[in-house]
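Structure, as structure tokens:
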There are 2 protein chains.
Amino acid sequence: MTLYEGPIFRVERRDGRDVVVHAPVAAVVAVDLDGQLNLVRQRRVPVDASLLELPAGFIHDGESPLEAARRELAEETGLHGGEWAELTTFFTSAGFTDERVHLYLATGLHRGEATPDDDEELEVARFPFADVAHLIDEISDAKTLIGLLLLARDRHL
Amino acid sequence: MTLYEGPIFRVERRDGRDVVVHAPVAAVVAVDLDGQLNLVRQRRVPVDASLLELPAGFIHDGESPLEAARRELAEETGLHGGEWAELTTFFTSAGFTDERVHLYLATGLHRGEATPDDDEELEVARFPFADVAHLIDEISDAKTLIGLLLLARDRHL
């Protein structure tokens with residue numbers, strides 16, 4: 001039973017519980033050919049703050065998670081090419097939403113021209129790979145914390 | 001403007017965007033006196049799966065995050081006492097919800113009797129501290145990934 005339907009999610013009642021039904025998301029830990037970690041800073045209305053996050057976006061119907069990750073990364077930052085590996089997938093808050101994030105690591109990325117959506121106000125921020133361990137303390141976005149903690153663990157940063 | 005109001009969240013329109021307004025959450029990386037990590041397994045209707053998670057729950061009005069963390073841990077697992085430290089706070093999915101998680105590390109916890117809510121079907125699962133690094137691969141809940149990755153980093157597991 002649908003209780004509310006909006007442009008980016010709908011609310012359904014399932015087994016007596018309210019559930020926010022949300023498209024799955026692809027997100028990328030993006031390291032370019034210069035060894036820089038590429039994040040995006042964007043204003044997030046729900047939390048009334050500007051957050052530093054992994055490039056990410058909805059997986060469209062008919063698109064694989066990896067295709068969505070490559071498309072979103074190119075749109076938001078212009079980065080393309082490189083080598084890709086899946087890091088993990090997780091649920092953002094399984095108590096009330098089915099939203100799932102597919103997380104990738106992309107390295108050796110080539111720079112290019114970003115083509116953000118009109119409704120996205122993004123600023124790309126680059127950080128030396130060696131600074132990732134310190135950067136973690138400044139992150140308050142869940143997917144970005146997970147991506148950078150996995151990167152720091154796997155690269156012994 | 002409120003678009004939908006339900007028992008565990010409401011939907012508001014802010015700056016032209018739909019926002020799920022959700023109570024803040026307190027979650028605990030809980031290590032008992034025997035050096036066991038205590039997680040809870042519970043069925044999550046939104047994702048139609050049983051997930052292994054940190055003990056966690058809503059922060060009630062008038063309660064501090066730490067008070068909520070201690071109360072929820074005792075209710076869900078019976079664990080109490082111990083030494084407490086704040087690990088981090090983060091937003092679960094800042095694109096559509098204001099939900100924020102306050103994450104604590106509690107060590108040297110004493111065992112006791114759990115008193116779960118009637119609507120909570122929880123099973124406590126204990127893991128040797130040394131197994132945390134492997135356990136991370138089996139976790140698909142964001143707050144639990146963050147908590148265990150921080151623990152593994154800080155304790156060099």
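Scheme for the structure tokens: letters A, B, ... for chains in order shown; per-chain residue numbers from 1; ligand numbers from 1 in order shown.
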Contacts of Leu109 in chain B at 7 Å or less, counting only C-alpha atoms, minus same-chain residues fewer than 2 places along, as a short mmCIF file (atom, residue, chain, number, x, y, z; two decimals) with C-alpha atoms, in the first residue's frame?
```cif
data_model
loop_
_atom_site.label_atom_id
_atom_site.label_comp_id
_atom_site.auth_asym_id
_atom_site.auth_seq_id
_atom_site.Cartn_x
_atom_site.Cartn_y
_atom_site.Cartn_z
CA VAL B 31 32.80 -5.28 23.85
CA ASP B 32 32.14 -7.25 27.05
CA LEU B 33 34.49 -8.23 29.90
CA LEU B 79 25.07 -5.27 28.81
CA HIS B 80 25.82 -2.43 31.25
CA GLY B 81 28.64 -0.60 33.02
CA GLY B 82 31.98 -0.47 31.22
CA ALA B 106 31.89 0.63 25.06
CA THR B 107 34.42 -1.82 26.53
CA ARG B 111 26.43 -9.05 31.17
#
```
Could you make a table, as CSV, of the residues of chain B that have an atom within 7 Å of an atom of chain A, each with its nearest atom pair and distance in Å to one decimal, counting only C-alpha atoms, in chain and number order?
```
residue,atom,partner,partner_atom,distance
B:Tyr4,CA,A:Tyr4,CA,6.6
B:Val19,CA,A:Pro46,CA,5.6
B:Arg44,CA,A:Gly95,CA,5.9
B:Pro46,CA,A:Asp98,CA,5.0
B:Val47,CA,A:Asp98,CA,5.0
B:Thr89,CA,A:Ser140,CA,6.6
B:Phe90,CA,A:Ser140,CA,4.3
B:Phe91,CA,A:Asp141,CA,5.2
B:Thr92,CA,A:Ala142,CA,5.2
B:Ser93,CA,A:Thr92,CA,6.4
B:Ala94,CA,A:Pro46,CA,6.1
B:Gly95,CA,A:Arg44,CA,5.9
B:Phe96,CA,A:Pro46,CA,6.0
B:Thr97,CA,A:Pro46,CA,5.4
B:Asp98,CA,A:Val47,CA,5.0
B:Ser140,CA,A:Phe90,CA,4.3
B:Asp141,CA,A:Phe91,CA,5.2
B:Ala142,CA,A:Thr92,CA,5.2
B:Leu145,CA,A:Ile146,CA,6.8
B:Ile146,CA,A:Ile146,CA,5.8
B:Leu149,CA,A:Leu149,CA,6.4
```
Determine which residues of range 3-130 of chain A DSSP labels as alpha helix (DSSP H) from the backbone of this structure, then write them out as a ChimeraX atom specification.
/A:65-77
From CA of Pro24 in chain B to CA of Ala125 in chain B the spacing works out at 24.5 Å
Kindly indicate which residue among A:Leu66, A:Val25, A:Pro55, A:Leu37 lies nearest to Val132 in chain A, using only C-alpha atoms for the distances.
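Among the listed residues, the smallest separation from Val132 in chain A belongs to A:Leu37.
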DSSP strand (DSSP E or B) selection over chain B, as an mmCIF file with N, CA and C atoms, in the first residue's frame:
```
data_model
loop_
_atom_site.group_PDB
_atom_site.id
_atom_site.type_symbol
_atom_site.label_atom_id
_atom_site.label_comp_id
_atom_site.auth_asym_id
_atom_site.auth_seq_id
_atom_site.Cartn_x
_atom_site.Cartn_y
_atom_site.Cartn_z
ATOM 1 N N THR B 2 4.240 19.567 5.939
ATOM 2 C CA THR B 2 4.259 18.122 6.163
ATOM 3 C C THR B 2 3.441 17.420 5.084
ATOM 4 N N LEU B 3 4.059 16.455 4.400
ATOM 5 C CA LEU B 3 3.418 15.729 3.306
ATOM 6 C C LEU B 3 2.873 14.390 3.768
ATOM 7 N N TYR B 4 3.539 13.809 4.769
ATOM 8 C CA TYR B 4 3.091 12.525 5.315
ATOM 9 C C TYR B 4 3.604 12.419 6.741
ATOM 10 N N GLU B 5 2.780 11.903 7.629
ATOM 11 C CA GLU B 5 3.217 11.706 9.012
ATOM 12 C C GLU B 5 2.894 10.283 9.438
ATOM 13 N N PHE B 9 8.581 8.156 11.192
ATOM 14 C CA PHE B 9 9.156 9.332 10.517
ATOM 15 C C PHE B 9 8.034 10.117 9.866
ATOM 16 N N ARG B 10 8.357 11.357 9.454
ATOM 17 C CA ARG B 10 7.410 12.108 8.655
ATOM 18 C C ARG B 10 8.128 12.628 7.415
ATOM 19 N N VAL B 11 7.365 13.006 6.401
ATOM 20 C CA VAL B 11 7.935 13.556 5.174
ATOM 21 C C VAL B 11 7.555 15.029 5.099
ATOM 22 N N GLU B 12 8.561 15.886 4.949
ATOM 23 C CA GLU B 12 8.339 17.324 4.809
ATOM 24 C C GLU B 12 8.910 17.798 3.483
ATOM 25 N N ARG B 13 8.354 18.894 2.951
ATOM 26 C CA ARG B 13 8.991 19.540 1.803
ATOM 27 C C ARG B 13 9.777 20.750 2.304
ATOM 28 N N ARG B 14 11.080 20.760 2.002
ATOM 29 C CA ARG B 14 11.968 21.859 2.399
ATOM 30 C C ARG B 14 12.746 22.306 1.172
ATOM 31 N N ARG B 17 12.434 20.193 -1.802
ATOM 32 C CA ARG B 17 12.863 18.793 -1.780
ATOM 33 C C ARG B 17 12.095 18.022 -0.716
ATOM 34 N N ASP B 18 11.782 16.756 -1.023
ATOM 35 C CA ASP B 18 11.139 15.883 -0.034
ATOM 36 C C ASP B 18 12.190 15.388 0.952
ATOM 37 N N VAL B 19 11.912 15.546 2.235
ATOM 38 C CA VAL B 19 12.866 15.171 3.283
ATOM 39 C C VAL B 19 12.168 14.233 4.275
ATOM 40 N N VAL B 20 12.801 13.089 4.561
ATOM 41 C CA VAL B 20 12.318 12.194 5.609
ATOM 42 C C VAL B 20 12.903 12.684 6.934
ATOM 43 N N VAL B 21 12.025 13.181 7.816
ATOM 44 C CA VAL B 21 12.452 13.699 9.116
ATOM 45 C C VAL B 21 12.399 12.542 10.114
ATOM 46 N N HIS B 22 13.544 12.214 10.669
ATOM 47 C CA HIS B 22 13.723 10.971 11.439
ATOM 48 C C HIS B 22 14.424 11.300 12.749
ATOM 49 N N VAL B 25 19.730 8.639 16.155
ATOM 50 C CA VAL B 25 19.946 7.256 16.598
ATOM 51 C C VAL B 25 21.265 7.178 17.376
ATOM 52 N N ALA B 26 21.292 6.349 18.394
ATOM 53 C CA ALA B 26 22.542 6.043 19.091
ATOM 54 C C ALA B 26 22.868 4.579 18.857
ATOM 55 N N ALA B 27 24.149 4.279 18.567
ATOM 56 C CA ALA B 27 24.577 2.903 18.281
ATOM 57 C C ALA B 27 25.886 2.628 19.022
ATOM 58 N N VAL B 28 26.107 1.367 19.364
ATOM 59 C CA VAL B 28 27.229 1.017 20.239
ATOM 60 C C VAL B 28 28.047 -0.146 19.683
ATOM 61 N N VAL B 29 29.353 0.062 19.555
ATOM 62 C CA VAL B 29 30.299 -1.037 19.365
ATOM 63 C C VAL B 29 30.569 -1.575 20.764
ATOM 64 N N ALA B 30 29.996 -2.746 21.076
ATOM 65 C CA ALA B 30 29.906 -3.225 22.456
ATOM 66 C C ALA B 30 30.821 -4.427 22.681
ATOM 67 N N VAL B 31 31.834 -4.214 23.534
ATOM 68 C CA VAL B 31 32.797 -5.276 23.852
ATOM 69 C C VAL B 31 32.658 -5.615 25.337
ATOM 70 N N ASP B 32 32.389 -6.886 25.648
ATOM 71 C CA ASP B 32 32.142 -7.252 27.049
ATOM 72 C C ASP B 32 33.436 -7.602 27.780
ATOM 73 N N GLN B 36 34.424 -10.163 24.064
ATOM 74 C CA GLN B 36 33.557 -10.529 22.941
ATOM 75 C C GLN B 36 32.847 -9.281 22.414
ATOM 76 N N LEU B 37 32.786 -9.197 21.085
ATOM 77 C CA LEU B 37 31.979 -8.166 20.436
ATOM 78 C C LEU B 37 30.533 -8.644 20.410
ATOM 79 N N ASN B 38 29.622 -7.789 20.872
ATOM 80 C CA ASN B 38 28.201 -8.147 20.932
ATOM 81 C C ASN B 38 27.423 -7.410 19.837
ATOM 82 N N LEU B 39 26.879 -8.172 18.902
ATOM 83 C CA LEU B 39 26.012 -7.616 17.858
ATOM 84 C C LEU B 39 24.603 -8.168 18.063
ATOM 85 N N VAL B 40 23.633 -7.613 17.333
ATOM 86 C CA VAL B 40 22.279 -8.161 17.358
ATOM 87 C C VAL B 40 21.867 -8.507 15.927
ATOM 88 N N ARG B 41 21.156 -9.630 15.823
ATOM 89 C CA ARG B 41 20.608 -10.002 14.522
ATOM 90 C C ARG B 41 19.118 -9.732 14.582
ATOM 91 N N GLN B 42 18.593 -9.018 13.585
ATOM 92 C CA GLN B 42 17.166 -8.751 13.597
ATOM 93 C C GLN B 42 16.635 -8.664 12.178
ATOM 94 N N ARG B 43 15.360 -9.023 12.048
ATOM 95 C CA ARG B 43 14.724 -8.961 10.737
ATOM 96 C C ARG B 43 14.399 -7.508 10.430
ATOM 97 N N ARG B 44 14.740 -7.068 9.230
ATOM 98 C CA ARG B 44 14.483 -5.708 8.774
ATOM 99 C C ARG B 44 13.498 -5.751 7.618
ATOM 100 N N ALA B 49 15.277 -8.856 4.967
ATOM 101 C CA ALA B 49 16.443 -9.673 5.323
ATOM 102 C C ALA B 49 16.693 -9.561 6.816
ATOM 103 N N SER B 50 17.463 -10.512 7.321
ATOM 104 C CA SER B 50 17.886 -10.499 8.712
ATOM 105 C C SER B 50 19.326 -9.995 8.728
ATOM 106 N N LEU B 51 19.566 -8.895 9.426
ATOM 107 C CA LEU B 51 20.886 -8.250 9.378
ATOM 108 C C LEU B 51 21.577 -8.328 10.731
ATOM 109 N N LEU B 52 22.892 -8.410 10.662
ATOM 110 C CA LEU B 52 23.749 -8.381 11.837
ATOM 111 C C LEU B 52 24.163 -6.928 12.038
ATOM 112 N N GLU B 53 23.812 -6.362 13.210
ATOM 113 C CA GLU B 53 23.987 -4.920 13.414
ATOM 114 C C GLU B 53 24.521 -4.606 14.806
ATOM 115 N N ALA B 56 21.371 -0.599 18.758
ATOM 116 C CA ALA B 56 21.093 0.798 18.409
ATOM 117 C C ALA B 56 19.625 1.108 18.622
ATOM 118 N N GLY B 57 19.300 2.386 18.731
ATOM 119 C CA GLY B 57 17.898 2.778 18.818
ATOM 120 C C GLY B 57 17.748 4.280 18.810
ATOM 121 N N PHE B 58 16.490 4.707 18.766
ATOM 122 C CA PHE B 58 16.195 6.145 18.722
ATOM 123 C C PHE B 58 16.640 6.842 20.001
ATOM 124 N N HIS B 80 25.838 -3.703 30.510
ATOM 125 C CA HIS B 80 25.822 -2.429 31.248
ATOM 126 C C HIS B 80 27.192 -2.184 31.866
ATOM 127 N N GLU B 83 33.416 1.094 30.119
ATOM 128 C CA GLU B 83 33.957 2.427 29.794
ATOM 129 C C GLU B 83 33.449 2.832 28.414
ATOM 130 N N TRP B 84 33.076 4.106 28.318
ATOM 131 C CA TRP B 84 32.435 4.591 27.097
ATOM 132 C C TRP B 84 33.246 5.711 26.454
ATOM 133 N N ALA B 85 33.292 5.701 25.096
ATOM 134 C CA ALA B 85 33.938 6.777 24.342
ATOM 135 C C ALA B 85 33.139 7.031 23.072
ATOM 136 N N GLU B 86 33.047 8.295 22.654
ATOM 137 C CA GLU B 86 32.359 8.600 21.394
ATOM 138 C C GLU B 86 33.303 8.308 20.238
ATOM 139 N N LEU B 87 32.813 7.600 19.223
ATOM 140 C CA LEU B 87 33.632 7.298 18.051
ATOM 141 C C LEU B 87 33.459 8.349 16.963
ATOM 142 N N THR B 88 32.231 8.625 16.570
ATOM 143 C CA THR B 88 31.948 9.607 15.518
ATOM 144 C C THR B 88 30.443 9.824 15.456
ATOM 145 N N THR B 89 30.020 10.812 14.685
ATOM 146 C CA THR B 89 28.609 10.928 14.323
ATOM 147 C C THR B 89 28.544 11.097 12.807
ATOM 148 N N PHE B 90 27.474 10.604 12.199
ATOM 149 C CA PHE B 90 27.362 10.706 10.742
ATOM 150 C C PHE B 90 25.899 10.701 10.322
ATOM 151 N N PHE B 91 25.667 11.153 9.091
ATOM 152 C CA PHE B 91 24.338 11.112 8.472
ATOM 153 C C PHE B 91 24.235 9.841 7.630
ATOM 154 N N THR B 97 17.294 12.264 3.908
ATOM 155 C CA THR B 97 16.845 12.209 5.305
ATOM 156 C C THR B 97 17.832 12.913 6.235
ATOM 157 N N ARG B 100 20.621 11.048 11.803
ATOM 158 C CA ARG B 100 22.012 11.124 12.219
ATOM 159 C C ARG B 100 22.255 10.023 13.251
ATOM 160 N N VAL B 101 23.407 9.382 13.136
ATOM 161 C CA VAL B 101 23.779 8.317 14.075
ATOM 162 C C VAL B 101 24.938 8.789 14.945
ATOM 163 N N HIS B 102 24.791 8.631 16.258
ATOM 164 C CA HIS B 102 25.864 8.891 17.217
ATOM 165 C C HIS B 102 26.448 7.543 17.603
ATOM 166 N N LEU B 103 27.721 7.368 17.333
ATOM 167 C CA LEU B 103 28.347 6.057 17.469
ATOM 168 C C LEU B 103 29.309 6.046 18.656
ATOM 169 N N TYR B 104 29.152 5.041 19.526
ATOM 170 C CA TYR B 104 29.991 4.911 20.727
ATOM 171 C C TYR B 104 30.737 3.589 20.727
ATOM 172 N N LEU B 105 31.881 3.601 21.431
ATOM 173 C CA LEU B 105 32.592 2.375 21.761
ATOM 174 C C LEU B 105 32.452 2.154 23.261
ATOM 175 N N ALA B 106 31.968 0.987 23.651
ATOM 176 C CA ALA B 106 31.886 0.626 25.064
ATOM 177 C C ALA B 106 32.674 -0.656 25.279
ATOM 178 N N THR B 107 33.584 -0.642 26.251
ATOM 179 C CA THR B 107 34.419 -1.818 26.534
ATOM 180 C C THR B 107 34.262 -2.209 28.003
ATOM 181 N N GLY B 108 34.650 -3.431 28.330
ATOM 182 C CA GLY B 108 34.567 -3.901 29.714
ATOM 183 C C GLY B 108 33.137 -3.996 30.215
ATOM 184 N N LEU B 109 32.200 -4.289 29.311
ATOM 185 C CA LEU B 109 30.773 -4.327 29.679
ATOM 186 C C LEU B 109 30.428 -5.582 30.480
ATOM 187 N N HIS B 110 29.541 -5.417 31.462
ATOM 188 C CA HIS B 110 29.050 -6.529 32.274
ATOM 189 C C HIS B 110 27.773 -7.094 31.657
ATOM 190 N N LEU B 122 14.995 -9.709 18.559
ATOM 191 C CA LEU B 122 16.441 -9.585 18.495
ATOM 192 C C LEU B 122 17.101 -10.863 18.964
ATOM 193 N N GLU B 123 18.215 -11.171 18.367
ATOM 194 C CA GLU B 123 19.036 -12.288 18.822
ATOM 195 C C GLU B 123 20.429 -11.718 19.011
ATOM 196 N N VAL B 124 20.984 -11.861 20.210
ATOM 197 C CA VAL B 124 22.337 -11.358 20.451
ATOM 198 C C VAL B 124 23.345 -12.353 19.885
ATOM 199 N N ALA B 125 24.342 -11.849 19.178
ATOM 200 C CA ALA B 125 25.389 -12.706 18.597
ATOM 201 C C ALA B 125 26.738 -12.185 19.083
ATOM 202 N N ARG B 126 27.559 -13.085 19.640
ATOM 203 C CA ARG B 126 28.862 -12.683 20.195
ATOM 204 C C ARG B 126 29.991 -13.231 19.338
ATOM 205 N N PHE B 127 31.013 -12.410 19.160
ATOM 206 C CA PHE B 127 32.153 -12.778 18.322
ATOM 207 C C PHE B 127 33.441 -12.444 19.057
ATOM 208 N N PRO B 128 34.446 -13.337 18.958
ATOM 209 C CA PRO B 128 35.734 -12.993 19.566
ATOM 210 C C PRO B 128 36.288 -11.720 18.917
ATOM 211 N N ASP B 141 25.081 -3.510 6.899
ATOM 212 C CA ASP B 141 24.418 -2.372 7.532
ATOM 213 C C ASP B 141 25.445 -1.256 7.715
#
```
Coordinates-based distance that separates CA of Pro65 in chain B from CA of Leu157 in chain B (Å, one decimal)
27.3 Å
Just how far from CA of Pro116 in chain B is CA of Glu75 in chain B, in Å to one decimal?
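Atom-to-atom, CA of Glu75 in chain B and CA of Pro116 in chain B are spaced 5.1 Å apart.
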